[in-house]
Structures are given as C-alpha cells and as structure tokens.
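Peer 1: This is target_22.cif, which holds mmCIF, C-alpha atoms (C1' of nucleotides):
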```cif
data_coords
loop_
_atom_site.label_atom_id
_atom_site.label_comp_id
_atom_site.auth_asym_id
_atom_site.auth_seq_id
_atom_site.Cartn_x
_atom_site.Cartn_y
_atom_site.Cartn_z
CA MET A 979 69.17 106.84 69.68
CA LYS A 980 67.07 110.02 69.48
CA PHE A 981 67.64 112.61 66.78
CA LYS A 982 68.09 115.17 69.54
CA GLU A 983 71.33 113.46 70.59
CA LEU A 984 72.90 113.74 67.15
CA GLY A 985 73.81 117.40 67.41
CA LEU A 986 71.58 118.60 64.60
CA ASP A 987 70.49 122.20 64.17
CA ASP A 988 67.35 123.10 66.16
CA ARG A 989 65.50 124.17 63.04
CA LEU A 990 66.06 120.70 61.61
CA LEU A 991 64.89 119.02 64.79
CA GLU A 992 61.66 120.94 64.42
CA GLY A 993 61.20 119.57 60.91
CA ILE A 994 62.06 116.07 62.11
CA SER A 995 59.46 116.06 64.84
CA ALA A 996 56.87 117.66 62.54
CA ILE A 997 57.26 114.66 60.23
CA GLY A 998 56.90 112.37 63.22
CA PHE A 999 60.47 111.03 63.35
CA GLU A 1000 61.88 110.43 66.80
CA ASP A 1001 64.42 107.64 66.89
CA ALA A 1002 67.29 107.55 64.43
CA THR A 1003 67.74 104.32 62.49
CA PRO A 1004 71.11 102.50 62.62
CA VAL A 1005 72.32 103.98 59.36
CA GLN A 1006 71.33 107.47 60.51
CA GLU A 1007 73.02 106.99 63.85
CA GLN A 1008 76.26 105.99 62.17
CA ALA A 1009 76.21 108.28 59.17
CA ILE A 1010 75.03 111.59 60.59
CA PRO A 1011 77.95 112.30 62.98
CA LYS A 1012 80.50 111.15 60.39
CA ILE A 1013 79.01 113.33 57.68
CA ILE A 1014 78.86 116.33 60.01
CA SER A 1015 82.54 115.81 60.78
CA GLY A 1016 83.22 116.31 57.10
CA LYS A 1017 84.40 112.80 56.20
CA ASP A 1018 83.74 111.10 52.90
CA ILE A 1019 81.44 108.13 53.33
CA ILE A 1020 80.77 104.92 51.49
CA ALA A 1021 77.70 103.22 52.88
CA SER A 1022 75.92 100.04 52.02
CA ALA A 1023 72.32 100.52 52.96
CA GLN A 1024 69.11 99.81 51.16
CA THR A 1025 65.77 101.49 50.95
CA GLY A 1026 63.71 101.38 54.09
CA THR A 1027 66.71 101.86 56.36
CA GLY A 1028 66.23 105.60 56.60
CA LYS A 1029 69.08 106.14 54.19
CA THR A 1030 67.68 109.29 52.59
CA ALA A 1031 67.37 111.19 55.86
CA ALA A 1032 70.79 109.84 56.83
CA PHE A 1033 72.37 112.07 54.19
CA LEU A 1034 69.77 114.84 53.88
CA LEU A 1035 69.88 115.81 57.54
CA PRO A 1036 73.63 116.33 57.86
CA VAL A 1037 73.78 117.98 54.44
CA ILE A 1038 71.13 120.52 55.46
CA HIS A 1039 72.76 120.88 58.86
CA GLN A 1040 76.07 121.82 57.32
CA ILE A 1041 74.43 124.34 55.01
CA LEU A 1042 72.76 125.95 58.03
CA GLN A 1043 76.02 126.02 59.98
CA ALA A 1044 77.96 127.57 57.11
CA ASP A 1045 75.47 130.42 57.24
CA ASP A 1046 76.29 131.42 53.71
CA ASP A 1047 73.26 133.20 52.33
CA GLN A 1048 74.55 133.31 48.78
CA SER A 1049 72.21 131.61 46.43
CA ASN A 1050 74.46 129.09 44.79
CA ILE A 1051 74.55 125.31 44.81
CA LYS A 1052 75.99 123.82 47.99
CA ALA A 1053 75.07 120.17 47.53
CA LEU A 1054 74.30 117.94 44.58
CA ILE A 1055 72.46 114.63 44.88
CA ILE A 1056 72.53 112.28 41.88
CA VAL A 1057 69.98 109.46 41.62
CA PRO A 1058 69.15 106.82 39.00
CA THR A 1059 65.44 107.39 38.38
CA ARG A 1060 63.16 110.39 38.04
CA GLU A 1061 60.75 108.96 40.59
CA LEU A 1062 63.54 108.82 43.14
CA ALA A 1063 64.50 112.42 42.45
CA VAL A 1064 60.92 113.50 43.11
CA GLN A 1065 60.69 111.45 46.28
CA ILE A 1066 63.94 112.74 47.75
CA ASP A 1067 62.94 116.31 46.97
CA GLN A 1068 59.66 115.75 48.81
CA GLN A 1069 61.49 114.42 51.85
CA MET A 1070 63.83 117.38 51.64
CA GLU A 1071 60.83 119.74 51.70
CA GLY A 1072 59.58 118.16 54.91
CA LEU A 1073 62.90 118.05 56.72
CA SER A 1074 63.92 121.57 55.74
CA TYR A 1075 60.50 123.10 56.34
CA PHE A 1076 61.61 125.27 59.26
CA THR A 1077 64.85 126.29 57.60
CA SER A 1078 65.65 128.62 54.74
CA VAL A 1079 67.45 125.89 52.81
CA SER A 1080 66.02 125.45 49.33
CA SER A 1081 66.07 122.54 46.94
CA ILE A 1082 65.07 121.67 43.41
CA ALA A 1083 64.63 118.36 41.60
CA VAL A 1084 65.74 118.25 37.97
CA TYR A 1085 64.97 115.34 35.66
CA GLY A 1086 63.95 114.59 32.10
CA GLY A 1087 60.69 113.61 30.52
CA GLY A 1088 58.84 116.80 31.35
CA ASP A 1089 56.53 118.79 29.14
CA GLY A 1090 59.09 121.17 27.68
CA GLN A 1091 58.17 123.84 30.19
CA SER A 1092 59.84 121.86 32.95
CA PHE A 1093 63.27 122.44 31.44
CA SER A 1094 62.85 126.21 31.35
CA ARG A 1095 61.36 126.18 34.84
CA GLU A 1096 64.40 124.26 36.07
CA LYS A 1097 66.67 126.57 34.13
CA SER A 1098 65.32 129.73 35.71
CA ALA A 1099 65.31 128.17 39.18
CA LEU A 1100 68.90 127.04 38.73
CA SER A 1101 69.95 130.43 37.41
CA GLN A 1102 68.54 132.05 40.52
CA GLY A 1103 70.20 129.36 42.59
CA ALA A 1104 69.12 126.71 45.04
CA ASP A 1105 71.04 125.23 47.94
CA VAL A 1106 70.50 121.61 47.02
CA ILE A 1107 69.94 120.03 43.60
CA ILE A 1108 68.56 116.52 43.25
CA GLY A 1109 68.71 115.15 39.75
CA THR A 1110 69.08 112.33 37.25
CA PRO A 1111 72.38 112.24 35.32
CA GLY A 1112 71.29 113.15 31.80
CA ARG A 1113 69.34 116.21 32.79
CA LEU A 1114 72.04 117.40 35.16
CA ILE A 1115 74.57 117.29 32.35
CA ALA A 1116 72.22 119.18 30.07
CA HIS A 1117 71.96 121.99 32.62
CA LEU A 1118 75.66 122.00 33.49
CA ASN A 1119 76.60 122.21 29.81
CA LEU A 1120 74.58 125.37 29.42
CA GLY A 1121 76.68 127.10 32.01
CA TYR A 1122 74.25 128.89 34.32
CA VAL A 1123 74.59 126.45 37.22
CA GLN A 1124 76.85 128.02 39.85
CA VAL A 1125 78.76 125.09 41.32
CA SER A 1126 81.90 126.92 42.43
CA ASN A 1127 80.70 126.95 46.03
CA LEU A 1128 79.56 123.32 46.07
CA LYS A 1129 80.61 121.53 49.23
CA CYS A 1130 79.00 118.13 48.98
CA LEU A 1131 78.23 115.47 46.38
CA VAL A 1132 75.87 112.55 47.09
CA LEU A 1133 75.57 109.48 44.87
CA ASP A 1134 72.49 107.51 45.79
CA GLU A 1135 71.84 103.94 44.59
CA ALA A 1136 75.32 103.99 43.05
CA ASP A 1137 75.22 100.33 42.03
CA ARG A 1138 71.99 100.86 40.20
CA MET A 1139 73.44 103.89 38.40
CA LEU A 1140 76.38 101.85 37.16
CA ASP A 1141 74.03 99.08 36.04
CA MET A 1142 72.17 101.65 34.02
CA GLY A 1143 75.34 102.72 32.28
CA PHE A 1144 75.75 106.09 33.97
CA HIS A 1145 79.46 105.75 34.74
CA ASP A 1146 80.62 108.20 32.09
CA ASP A 1147 77.80 110.61 32.86
CA LEU A 1148 78.77 110.62 36.52
CA MET A 1149 82.40 111.35 35.70
CA LYS A 1150 81.32 114.11 33.34
CA ILE A 1151 79.20 115.75 36.05
CA ILE A 1152 81.99 115.43 38.56
CA SER A 1153 84.39 117.13 36.17
CA TYR A 1154 82.35 120.30 36.62
CA LEU A 1155 82.59 120.27 40.42
CA PRO A 1156 85.21 121.82 42.67
CA LYS A 1157 87.89 119.33 43.67
CA GLN A 1158 87.58 120.28 47.31
CA ARG A 1159 84.33 118.77 48.44
CA GLN A 1160 82.76 116.09 50.59
CA ASN A 1161 81.59 112.92 48.85
CA LEU A 1162 78.91 110.53 50.07
CA MET A 1163 78.20 107.33 48.24
CA PHE A 1164 75.30 104.99 48.98
CA SER A 1165 74.92 101.63 47.35
CA ALA A 1166 72.84 98.55 48.12
CA THR A 1167 75.68 96.25 47.08
CA MET A 1168 79.45 96.58 46.98
CA PRO A 1169 80.67 94.77 43.86
CA PRO A 1170 84.20 95.48 42.57
CA LYS A 1171 83.03 98.08 40.08
CA ILE A 1172 81.52 100.09 42.92
CA ARG A 1173 84.83 99.87 44.77
CA ASP A 1174 86.56 101.15 41.64
CA LEU A 1175 84.16 104.06 41.39
CA ALA A 1176 84.68 104.82 45.06
CA ARG A 1177 88.45 104.90 44.58
CA LYS A 1178 88.04 107.40 41.77
CA ILE A 1179 85.67 109.72 43.60
CA LEU A 1180 86.02 109.41 47.37
CA GLN A 1181 88.91 110.52 49.54
CA GLU A 1182 89.81 108.25 52.44
CA PRO A 1183 86.19 107.36 53.05
CA ASP A 1184 84.79 105.92 56.22
CA GLU A 1185 82.80 102.83 55.56
CA ILE A 1186 79.36 102.13 56.93
CA ASN A 1187 77.83 98.70 56.65
CA ILE A 1188 74.27 98.11 57.53
CA ALA A 1189 73.79 94.40 57.96
CA ILE A 1190 73.16 92.58 54.73
CA SER A 1191 69.79 92.85 53.39
CA LYS A 1192 67.84 89.96 54.89
CA PRO A 1193 64.15 90.40 54.28
CA ALA A 1194 62.22 91.59 57.28
CA GLU A 1195 60.97 88.73 59.36
CA ARG A 1196 57.51 90.20 59.25
CA VAL A 1197 57.28 89.45 55.55
CA ALA A 1198 55.53 86.14 54.99
CA GLN A 1199 56.99 84.73 51.80
CA ALA A 1200 55.65 82.04 49.51
CA ALA A 1201 56.54 80.86 46.02
CA PHE A 1202 54.18 79.29 43.51
CA ILE A 1203 55.79 76.82 41.14
CA LEU A 1204 53.71 76.92 37.98
CA TYR A 1205 53.55 76.93 34.20
CA ASP A 1206 53.78 80.27 32.50
CA ASN A 1207 50.16 80.23 31.34
CA GLN A 1208 49.00 79.80 34.93
CA LYS A 1209 50.43 83.15 36.01
CA ILE A 1210 47.53 85.33 34.94
CA PRO A 1211 44.84 83.03 36.39
CA LEU A 1212 46.73 82.80 39.68
CA ALA A 1213 47.20 86.56 39.88
CA LYS A 1214 43.48 87.06 39.39
CA TYR A 1215 42.70 84.37 41.94
CA LEU A 1216 44.97 85.84 44.62
CA LEU A 1217 43.70 89.37 44.13
CA LYS A 1218 40.07 88.30 44.22
CA ALA A 1219 40.57 86.21 47.35
CA LYS A 1220 40.87 89.18 49.62
CA LYS A 1221 40.05 92.86 49.57
CA LEU A 1222 43.44 94.55 49.45
CA GLN A 1223 44.08 98.27 49.43
CA SER A 1224 47.69 98.42 48.41
CA VAL A 1225 49.43 95.85 46.22
CA ILE A 1226 52.52 96.05 44.01
CA ILE A 1227 53.04 93.47 41.29
CA PHE A 1228 56.55 93.43 39.82
CA CYS A 1229 57.19 92.28 36.27
CA SER A 1230 60.56 91.99 34.56
CA THR A 1231 59.45 93.48 31.28
CA LYS A 1232 57.29 96.37 30.21
CA ASN A 1233 55.25 94.06 28.01
CA SER A 1234 54.52 91.66 30.78
CA ALA A 1235 53.42 94.60 32.98
CA LYS A 1236 51.16 96.00 30.28
CA GLN A 1237 49.57 92.67 29.54
CA LEU A 1238 48.87 91.83 33.16
CA SER A 1239 47.40 95.22 33.95
CA LYS A 1240 45.13 94.90 30.90
CA GLU A 1241 43.91 91.52 32.14
CA LEU A 1242 43.25 92.85 35.62
CA LYS A 1243 41.42 95.89 34.29
CA LYS A 1244 38.96 93.53 32.62
CA LEU A 1245 38.02 92.34 36.09
CA GLU A 1246 37.50 95.93 37.19
CA PHE A 1247 40.33 96.01 39.65
CA SER A 1248 41.63 99.44 40.56
CA VAL A 1249 44.91 98.89 38.73
CA GLU A 1250 47.49 100.74 36.61
CA ASP A 1251 50.84 99.81 35.12
CA ILE A 1252 53.95 101.93 35.55
CA HIS A 1253 57.12 101.74 33.46
CA SER A 1254 59.24 103.87 31.17
CA ASP A 1255 56.78 103.72 28.27
CA LEU A 1256 54.44 106.03 30.16
CA GLU A 1257 54.92 109.73 29.77
CA GLN A 1258 56.53 111.33 32.78
CA GLY A 1259 53.34 113.12 33.79
CA GLU A 1260 51.40 109.87 33.70
CA ARG A 1261 54.07 108.12 35.72
CA GLU A 1262 53.91 110.73 38.43
CA GLN A 1263 50.12 110.72 38.46
CA VAL A 1264 49.95 106.94 38.80
CA LEU A 1265 52.49 106.92 41.59
CA ARG A 1266 50.70 109.73 43.42
CA ASP A 1267 47.36 107.94 43.15
CA PHE A 1268 48.96 104.79 44.49
CA LYS A 1269 50.65 106.56 47.38
CA ASN A 1270 47.35 108.28 48.22
CA LYS A 1271 45.55 104.93 48.10
CA LYS A 1272 43.29 106.07 45.28
CA LEU A 1273 44.71 103.20 43.29
CA SER A 1274 45.03 99.82 44.95
CA ILE A 1275 47.09 97.75 42.52
CA LEU A 1276 50.25 98.87 40.77
CA VAL A 1277 51.87 96.69 38.11
CA ALA A 1278 55.47 97.88 37.88
CA THR A 1279 58.77 97.13 36.22
CA ASP A 1280 61.99 97.48 38.18
CA ILE A 1281 61.59 101.23 37.79
CA LEU A 1282 60.13 100.92 41.29
CA SER A 1283 62.12 98.05 42.72
CA ARG A 1284 64.65 100.31 44.39
CA GLY A 1285 64.41 103.46 46.35
CA ILE A 1286 60.72 104.12 46.15
CA ASP A 1287 58.93 104.19 49.45
CA VAL A 1288 55.20 103.65 49.83
CA GLU A 1289 53.60 103.11 53.19
CA ASP A 1290 51.38 100.20 54.13
CA ILE A 1291 51.81 97.87 51.22
CA GLU A 1292 49.97 94.69 52.10
CA LEU A 1293 51.12 92.45 49.30
CA VAL A 1294 54.02 92.30 46.88
CA VAL A 1295 53.76 89.86 43.99
CA ASN A 1296 56.80 88.94 41.95
CA TYR A 1297 54.94 88.08 38.81
CA ASP A 1298 58.33 87.30 37.29
CA VAL A 1299 61.36 86.11 39.23
CA PRO A 1300 63.71 89.08 39.54
CA ASN A 1301 66.99 88.74 37.72
CA ASP A 1302 69.08 89.44 40.73
CA GLY A 1303 68.71 88.24 44.28
CA GLU A 1304 69.26 91.74 45.55
CA ASP A 1305 66.27 92.87 43.51
CA TYR A 1306 64.17 90.19 45.18
CA ILE A 1307 65.10 91.53 48.58
CA HIS A 1308 64.45 95.10 47.45
CA ARG A 1309 61.09 94.21 45.98
CA ILE A 1310 59.72 92.29 48.93
CA GLY A 1311 61.15 94.95 51.23
CA ARG A 1312 58.38 97.23 49.89
CA THR A 1313 55.97 95.46 52.21
CA ALA A 1314 55.89 95.11 55.99
CA ARG A 1315 57.26 98.54 56.73
CA ALA A 1316 56.99 100.02 60.19
CA ALA A 1317 54.52 98.23 62.39
CA SER A 1318 52.61 96.45 59.67
CA LYS A 1319 53.23 92.97 58.42
CA GLY A 1320 53.27 92.01 54.81
CA VAL A 1321 53.06 89.17 52.36
CA ALA A 1322 55.26 88.49 49.34
CA PHE A 1323 54.36 85.94 46.65
CA THR A 1324 56.66 84.90 43.85
CA PHE A 1325 55.53 83.20 40.65
CA VAL A 1326 58.13 80.78 39.32
CA ASN A 1327 57.65 79.25 35.88
CA GLU A 1328 59.74 76.41 34.52
CA LYS A 1329 62.35 78.68 32.98
CA GLU A 1330 62.73 80.63 36.20
CA GLN A 1331 63.35 77.76 38.58
CA ASN A 1332 67.13 78.01 38.52
CA LYS A 1333 67.02 81.75 39.01
CA PHE A 1334 64.72 81.32 41.96
CA TYR A 1335 66.94 78.66 43.46
CA ALA A 1336 69.83 81.11 43.32
CA ILE A 1337 67.73 83.58 45.29
CA GLU A 1338 66.96 80.97 47.92
CA LYS A 1339 70.69 80.39 48.23
CA LEU A 1340 71.27 84.09 48.70
CA LEU A 1341 68.57 84.18 51.37
CA GLU A 1342 70.19 81.11 52.92
CA THR A 1343 66.77 79.60 53.40
CA PRO A 1344 64.19 78.00 51.14
CA VAL A 1345 61.03 79.96 50.49
CA PRO A 1346 57.89 77.97 51.38
CA LYS A 1347 56.10 76.69 48.30
CA GLY A 1348 52.42 77.59 48.01
CA LYS A 1349 49.89 75.07 46.78
CA LEU A 1350 48.09 76.10 43.61
CA PRO A 1351 44.33 76.36 44.01
CA ALA A 1352 42.38 73.55 42.36
CA SER A 1353 40.88 75.89 39.78
CA ILE A 1354 44.35 76.69 38.44
CA GLY A 1355 45.33 73.06 38.02
CA GLU A 1356 48.57 71.24 38.75
CA GLY A 1357 51.88 72.98 38.38
CA PRO A 1358 55.23 71.41 37.49
CA GLU A 1359 57.59 70.01 40.09
CA TYR A 1360 60.25 72.26 41.61
CA LYS A 1361 63.44 70.77 40.19
CA PRO A 1362 66.05 73.51 39.93
CA ARG A 1363 69.53 72.56 38.78
CA THR A 1364 71.46 72.82 41.96
CA GLY A 1365 74.89 72.35 40.42
CA SER A 1366 77.55 75.04 40.26
CA ARG A 1367 76.55 75.98 36.73
CA SER A 1368 73.26 77.38 37.87
CA ASN A 1369 74.32 79.53 40.73
CA GLY A 1370 72.68 82.17 38.62
CA ARG A 1371 74.89 85.11 39.39
CA LYS A 1372 78.24 85.65 37.77
CA LYS A 1373 79.28 83.33 35.02
CA TYR A 1374 82.95 84.10 34.85
CA ASN A 1375 83.81 81.01 32.87
CA SER A 1376 81.13 81.33 30.24
CA ARG A 1377 82.61 81.94 26.84
CA LYS A 1378 82.20 85.29 25.22
CA LYS A 1379 79.18 85.41 23.00
CA ARG A 1380 79.94 85.78 19.35
CA LYS A 1381 77.59 87.91 17.34
"C1'" DA B 781 68.14 89.60 29.55
"C1'" DA B 782 65.64 93.81 30.72
"C1'" DA B 783 65.03 98.01 32.80
"C1'" DA B 784 66.14 103.05 33.18
"C1'" DA B 785 67.92 107.76 31.44
"C1'" DA B 786 68.80 113.98 27.70
"C1'" DT B 787 66.55 115.87 23.45
#
```
Take the structure in the file and write it out as structure tokens.

Peer 2:
Amino acid sequence: MKFKELGLDDRLLEGISAIGFEDATPVQEQAIPKIISGKDIIASAQTGTGKTAAFLLPVIHQILQADDDQSNIKALIIVPTRELAVQIDQQMEGLSYFTSVSSIAVYGGGDGQSFSREKSALSQGADVIIGTPGRLIAHLNLGYVQVSNLKCLVLDEADRMLDMGFHDDLMKIISYLPKQRQNLMFSATMPPKIRDLARKILQEPDEINIAISKPAERVAQAAFILYDNQKIPLAKYLLKAKKLQSVIIFCSTKNSAKQLSKELKKLEFSVEDIHSDLEQGEREQVLRDFKNKKLSILVATDILSRGIDVEDIELVVNYDVPNDGEDYIHRIGRTARAASKGVAFTFVNEKEQNKFYAIEKLLETPVPKGKLPASIGEGPEYKPRTGSRSNGRKKYNSRKKRK
DNA sequence: AAAAAAT
C-alpha cells in the first residue's frame, strides 16, 4: 500500500517522499488508520518493520489536524535508551520537515548544559517530546512542562523498558498526564507482564500483530562451536578474511566488548566499542561515525541490540550468545536490511551451548555450524543438553536462590 | 546473568 492511500496530511506526504519512502510496511498499513481513528493500540513489532514511522506519522498527522498553535506538549514518546531517543528525534525531523510540528529529545548523560537547554526548550514548549524515563521525570518534577493539553502517549520497546526496571518510572510519568489521552504501546514480545502493563495503561486497545520475528531469509547464519580462548583468534581471522565496511560485533558484557575492541585495535582495524561506560558524547560520536561509515567495526553491548537502525550492515557477529532468543533475532536483524543481504555469525563456547540450542528451538531450525579454520585448531563437539531442563528460557520450577 | 537509565 502507498502512503498516499493512508489519508495522511499533504505536508507529511511531502516529508515522506523527501525521505524516499513510498510503500507503507505492514505495521504502518495496519497501525496508521487505527491511530488516526483515535484508538489505543498494542502492537508487537520489532525494529526494521517501520515501527517508528508507524506511530510518528499518525501522531504528527493528528497534531496538524487539531490545528492548535499553542506551544504545549501534545505527544510524549518514552523509550528505553538514549540512543533510541536520538534516533527517533532524527526520524521525526525528517518526517515533519514540511510541517510546523516541533520535537525535542530529552535524555541523561549530557554535559550539564544539555539539561538547561532541554529545560528552556521545554519551558517554551514543543509539540512532541521523546525521552528516556529518568530524565523525563526530572523535568516533570520541576514543573515547567505543560502537559495539560497532551493527547497521546507512546511507549516504545515496552518489554525492554520493563526488563530495565522502568515500571515504576513509567507509572510515575503517567501520573502527571491527563487521563483523557490516546495510548500506543509497542513491544517486541508480549509476555504476561507486558499484558499487565497494558491493562493498567491502555483503554480497550486494538491489537496489531506483525508475524513473529523470524530472521530475514536473506541473512546467512552460521555458528562456530569453539572454546572460549578461540573467540578472539576467530574474530580476527574472520575480519581479516574480507574487506568489510560495516560490521557490528555484539558482546554480552562491557568487559568483553572492551577487551575485544582492544585486541582488534592492535591489528589496526577501524574499530570502537560502545556501551554504557562511555560518556554520552563519546557514545553519540561513535554511533555517528559508524552510521556515516567512517568507522567500519563496532563492538557493542546490548545497548544497540534493539531499536537502533543502521543501513547496510554486512556482517553481525554474536561474539557471545545472547541471553534471550529474541535478542538473537534482534541482533541478526541488524543486517540484510532493504535490498542487501547479510551474514550473521555466532560464537558458541562450551558454556553457551545450551543457550544456543534454546535459540535454535525458538527459530525452529538448526543454525548451520561453521568449520573452524585450521589455524584456530579444533573446537569441542556440539553437545547441548536437549532435555527439558535446558530449554533456557523460564525456569519456573527452579528453587528460589538463598543469599 | 548482564545490560541500561537521573544526578
């Protein structure tokens, strides 16, 4: 379906075609008319499905239609990470370019001036605020944010926000908002705690389900079964094998990311690590350089596994097996966007075999096992425990840990 | 079990 058929404001259509969008994605096709009709929405959709535009477009559209030129907040978008706030604000800029609708991103970690900049912008008013929970609360507590005219609340990556312990923060923010408002909730997964949150916040929502997250068929996947000390040599080997312009390597800990990036720097790769130990300014610089292809290899924690969109990634390496099958799908979904095809490698050490097997079960298909190059040596056998104990996800019957 | 997020 074309965007033109969705009944959006002409000024928005101009922005859409300036960005080069033409056809709406399935989630956009379903969500946009429903949101314009004023319904609450709960949608399961992951990054790469066009989810952001699916809520930004109708939100901007409604602001344009209301034709209320008062400068107070009309929509609030809450997201889990600072990087995501920045990215959504950038997309907002593009889509709203030919309109008078304004937006501002607010998030922590700035240089001290950023708070006062945000404060004065918020005092003057903006139509749309995009922010991380802690910083939003800080601003709301100080009382200059005019939310009395707010019409719409968006929770993006809601499951991730709950995982990060933001439940109480979300409820606190919501307590500031007018009761009469539209609510849109997006979540990659729909576990019971998300349903509970939805019951608390949404009113008779329509549900949108975008088919469960199977990795794109264009992603060629392979797993290397190896010993832990073979990970660094194999990473070096794979990166040296081919000249690649855009690679993300995911690690499960900050330390593992730092260590690997240090090793790769020794070989003069164009590489940086990104995680929460970096100052916010550094984080943004690294991500910008990577998006602009000034930097070819990014070693990242799960700070980037969800939500962040970079074009033309050729290779994703799971240097560690992600803790959650959904994270695996999110991570490898970074590659093979649009017309390009991509490759995803996963390194599986002995301790990670069961976790990886659980992911294969979630994918409902085994991932082909790559042969280690001779210079790396022999790896162990792939012998995951396939019994019910190691289904890796919820362990309802495990006894409570005693401290 | 680790990551992220307000100062």

Peer 1: Please, which residues in stretch 1026-1119 of chain A fall within 12 Å of chain B when counting only C-alpha atoms (C1' of nucleotides), and what is the closest atom pair and distance in Å to one decimal for each, ordered by chain then residue number, as a tab-separated table?

Peer 2:
```
residue	atom	partner	partner_atom	distance
A:Val1057	CA	B:DA785	C1'	10.5
A:Pro1058	CA	B:DA784	C1'	7.6
A:Thr1059	CA	B:DA784	C1'	6.8
A:Arg1060	CA	B:DA785	C1'	8.6
A:Glu1061	CA	B:DA784	C1'	10.9
A:Leu1062	CA	B:DA784	C1'	11.8
A:Val1084	CA	B:DA786	C1'	11.5
A:Tyr1085	CA	B:DA786	C1'	8.9
A:Gly1086	CA	B:DA786	C1'	6.6
A:Gly1087	CA	B:DA786	C1'	8.6
A:Gly1088	CA	B:DA786	C1'	11.0
A:Asp1089	CA	B:DT787	C1'	11.9
A:Gly1090	CA	B:DT787	C1'	10.1
A:Phe1093	CA	B:DA786	C1'	10.8
A:Gly1109	CA	B:DA785	C1'	11.1
A:Thr1110	CA	B:DA785	C1'	7.5
A:Pro1111	CA	B:DA785	C1'	7.4
A:Gly1112	CA	B:DA786	C1'	4.9
A:Arg1113	CA	B:DA786	C1'	5.6
A:Leu1114	CA	B:DA786	C1'	8.8
A:Ile1115	CA	B:DA786	C1'	8.1
A:Ala1116	CA	B:DA786	C1'	6.7
A:His1117	CA	B:DA786	C1'	9.9
A:Asn1119	CA	B:DA786	C1'	11.5
```

Peer 1: Under the rule that all atoms listed in the file are counted, which of A:His1039, A:Lys1333, A:Lys1157, A:Arg1312 is the nearest residue to A:Ser1078?

Peer 2: A:His1039

Peer 1: Quick one: residues within 9 Å of A:Glu1135, all atoms listed in the file, excluding same-chain residues fewer than 2 positions away - as a tab-separated table (two decimals) with C-alpha atoms, in the frame of the given file?

Peer 2:
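To be explicit, this is the file written out as part08.tsv:
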```tsv
chain	number	residue	atom	x	y	z
A	1024	GLN	CA	69.11	99.81	51.16
A	1056	ILE	CA	72.53	112.28	41.88
A	1057	VAL	CA	69.98	109.46	41.62
A	1058	PRO	CA	69.15	106.82	39.00
A	1133	LEU	CA	75.57	109.48	44.87
A	1137	ASP	CA	75.22	100.33	42.03
A	1138	ARG	CA	71.99	100.86	40.20
A	1139	MET	CA	73.44	103.89	38.40
A	1140	LEU	CA	76.38	101.85	37.16
A	1163	MET	CA	78.20	107.33	48.24
A	1164	PHE	CA	75.30	104.99	48.98
A	1165	SER	CA	74.92	101.63	47.35
A	1166	ALA	CA	72.84	98.55	48.12
A	1167	THR	CA	75.68	96.25	47.08
A	1284	ARG	CA	64.65	100.31	44.39
A	1285	GLY	CA	64.41	103.46	46.35
```

Peer 1: Assuming 5 Å of padding per side, give the centre and edge lengths of the axis-aligned box around every listed atom of chain B, in Å to one decimal and as lines of an AutoDock Vina configuration file.

Peer 2:
```
center_x = 66.9
center_y = 102.7
center_z = 28.3
size_x = 13.8
size_y = 36.3
size_z = 19.7
```

Peer 1: Selected by the PyMOL selection byres ((chain A and resi 1013) around 10) in the shown coordinates: which residues, as a list in words?

Peer 2: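 When the PyMOL selection byres ((chain A and resi 1013) around 10) is applied, the selected residues are Gln1008, Ala1009, Ile1010, Pro1011, Lys1012, Ile1014, Ser1015, Gly1016, Lys1017, Asp1018, Ile1019, Ala1032, Phe1033, Leu1035, Pro1036, Val1037, His1039, Gln1040, Cys1130, Gln1160, Asn1161, Leu1162 and Asp1184 of chain A.
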
Peer 1: With all atoms listed in the file as the basis for distance, which of A:Gln1263, A:Thr1343, A:Ser1283, A:Thr1025 is at the shortest distance from chain B?

Peer 2: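 Of A:Gln1263, A:Thr1343, A:Ser1283, A:Thr1025, the one nearest chain B is A:Ser1283, counting all atoms listed in the file.
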
Peer 1: Can you spell out as a list in words the set of residues that the PyMOL selection byres ((chain A and resi 987-995) around 6) selects in the structure I just provided?

Peer 2: Leu986, Ala996, Ile997, Gly998, Phe999, His1039, Leu1073, Tyr1075, Phe1076 and Thr1077 of chain A

Peer 1: Near stretch 1320-1325 of chain A, counting all atoms listed in the file, which residues have an atom at most 8 Å away, once you skip same-chain residues fewer than 5 positions from it, shown as a list in words?

Peer 2: Arg1196, Val1197, Ala1198, Gln1199, Ala1200, Ala1201, Phe1202, Ile1203, Leu1204, Lys1209, Ile1291, Glu1292, Leu1293, Val1294, Val1295, Asn1296, Tyr1297, Asp1298, Val1299, Ile1310, Thr1313, Ala1314 and Arg1315 of chain A
